[in-house]
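Novice: Got a structure here, written out as structure tokens. Questions coming.
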Amino acid sequence: MAIRPRDNREAKRRIRQMEAKRELRRAQGKRRRRDNVIAVGAAAAVLIAAVVLQLTVFNSNPSESEFAAAQAGLSSPSASPSATATNSAGTNSADIPKADTAAGKTFTGQLSLNGGIVGVELYGTTAPQAAAVYKSLTDAGYYSGLKCPRLTTADNFSVLQCGAKGADTTDDPNFHWGPLENTPANNTYPAGTIAVARTGNNAYGNGHQFFIVYKDTVIPPDSAGGYTIVGKVTGGMDVVTKIAQAGINPGSSATDGAPVAPVTIDSFSLK
């Protein structure tokens with residue numbers, strides 16, 4: 001039976017409709033696949049960012065943002081600039097004094113900052129390696145003329161960091177030592193604490209620098225642990241608090257930067 005022209009047109013119309021529907025479905029499928037790829041990519045970017053944050057935070061000396069990071073649920077808080085070289089071998093070089101030169105001893109002395117005298121005591125009993133290093137450095141007059149380039153002024157992170165040669169906290173990459181000693185189990189560093197600054201995630205990343213805590217401070221540990229408490233302030237804490245009260249030139253944050261008035265170590269002696 002012959003197909004009438006009207007039937008032929010109707011058949012062609014149905015074919016065009018089916019082809020249009022198939023094309024629409026193909027376009028929708030492509031769009032869904034593209035959206036899925038974008039969604040997966042976005043999720044991966046978020047994951048990568050989180051991993052990078054975890055790997056890069058707290059890679060050197062302590063910072064006030066550590067506490068905020070810990071409060072936010074991160075296992076490692078962020079840090080300030082320092083030398084990148086580390087001693088990961090777990091041994092000290094021959095030029096690092098032996099711990100037994102300070103073991104069982106208590107050293108007392110004075111740290112002069114901008115003419116103000118801070119009395120100090122170093123613990124050879126609980127931190128013999130650190131005490132031996134600082135006794136050796138002070139005997140050599142190493143700290144005279146060096147700087148305290150970093151001050152943090154947050155209520156929960158309040159330290160003055162000293163012993164740098166310049167205007168930042170970069171240290172000598174060839175002078176690293178360990179191990180960590182006398183780190184607080186509760187991660188709290190009471191006001192008056194003198195502790196050793198170090199590179200992050202390295203128990204043998206201690207250097208020349210130290211920090212004085214002038215308000216109770218919490219520093220969560222990194223993968224290597226906490227910071228060695230080498231001693232305490234025995235007098236003249238007002239010298240440090242006066243420096244803190246003068247404020248900072250903000251650096252990494254509004255509460256972390258250089259003291260408004262540059263701070264110089266006039267002398268550091270121990271006996």
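Chains: A, B, ... in order of the structure tokens. Residues: from 1 per chain. Ligands: from 1, in order shown.
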I want to know what sits within 10 Å of Ile96 in chain A, based on only C-alpha atoms, with residues of the same chain fewer than 4 positions away left out; could you give that as an MDAnalysis selection string?
Specialist: chainID A and resid 91:92 129 132:133 136 175:178
Novice: Quick one: residues within 9 Å of Asp155 in chain A, only C-alpha atoms, excluding same-chain residues fewer than 4 positions away - as a list in words?
Specialist: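 Near neighbours after the sequence-gap exclusion: Lys215, Asp216 and Thr217 of chain A.
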Novice: Using the chain letters and numbers from this document, which residues of range 172-251 of chain A does DSSP assign to strand (DSSP E or B), as a VMD selection string?
Specialist: chain A and resid 177 188 to 189 193 to 198 206 to 213 217 to 218 222 225 229 to 235 248 to 251
Novice: What does the structure give for the distance between CA of Ala103 in chain A and CA of Val230 in chain A, in Å to one decimal?
Specialist: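 It comes out at 12.3 Å.
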Novice: Need the shell around range 181-190 of chain A: protein/DNA/RNA residues with any atom at most 10 Å away, counting only C-alpha atoms. Skip same-chain ones fewer than 2 positions apart. Format as an NGL selection string?
Specialist: :A and (123 or 125-130 or 157-159 or 178-179 or 192-196 or 203 or 212-221 or 225-232)
Novice: For CA of Ala102 in chain A and CA of Val240 in chain A, determine how far apart the two atoms are, in Å to one decimal place.
Specialist: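 Computed distance, CA of Ala102 in chain A to CA of Val240 in chain A, equals 26.8 Å.
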Novice: Please provide as a list in words all residues within 6 Å of Gln110 in chain A, with the sequence filter that same-chain residues fewer than 5 positions apart are discarded (counting only C-alpha atoms).
Specialist: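 What passes the distance filter is Val118, Gly119, Val120, Phe268 and Ser269 of chain A.
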Novice: Closest to Asp171 in chain A among A:Pro262, A:Ala99, A:His208, A:Gly257, using only C-alpha atoms?
Specialist: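 Under the stated criterion, the closest residue is A:His208.
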Novice: Calculate how many Å separate CA of Leu180 in chain A from CA of Phe211 in chain A, rounding to one decimal.
Specialist: 15.1 Å
Novice: Which of these, A:Thr234, A:Asn202, A:Thr152, A:Gln209, has the shortest distance to Ala254 in chain A once you count only C-alpha atoms?
Specialist: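 Of the candidates, the smallest distance to Ala254 in chain A is held by A:Thr152.
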Novice: Using only C-alpha atoms, which residue out of A:Ala167, A:Ser223, A:Thr264, A:Leu151 lies closest to Ala246 in chain A?
Specialist: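 When distances to Ala246 in chain A are compared using only C-alpha atoms, the smallest one comes from A:Leu151.
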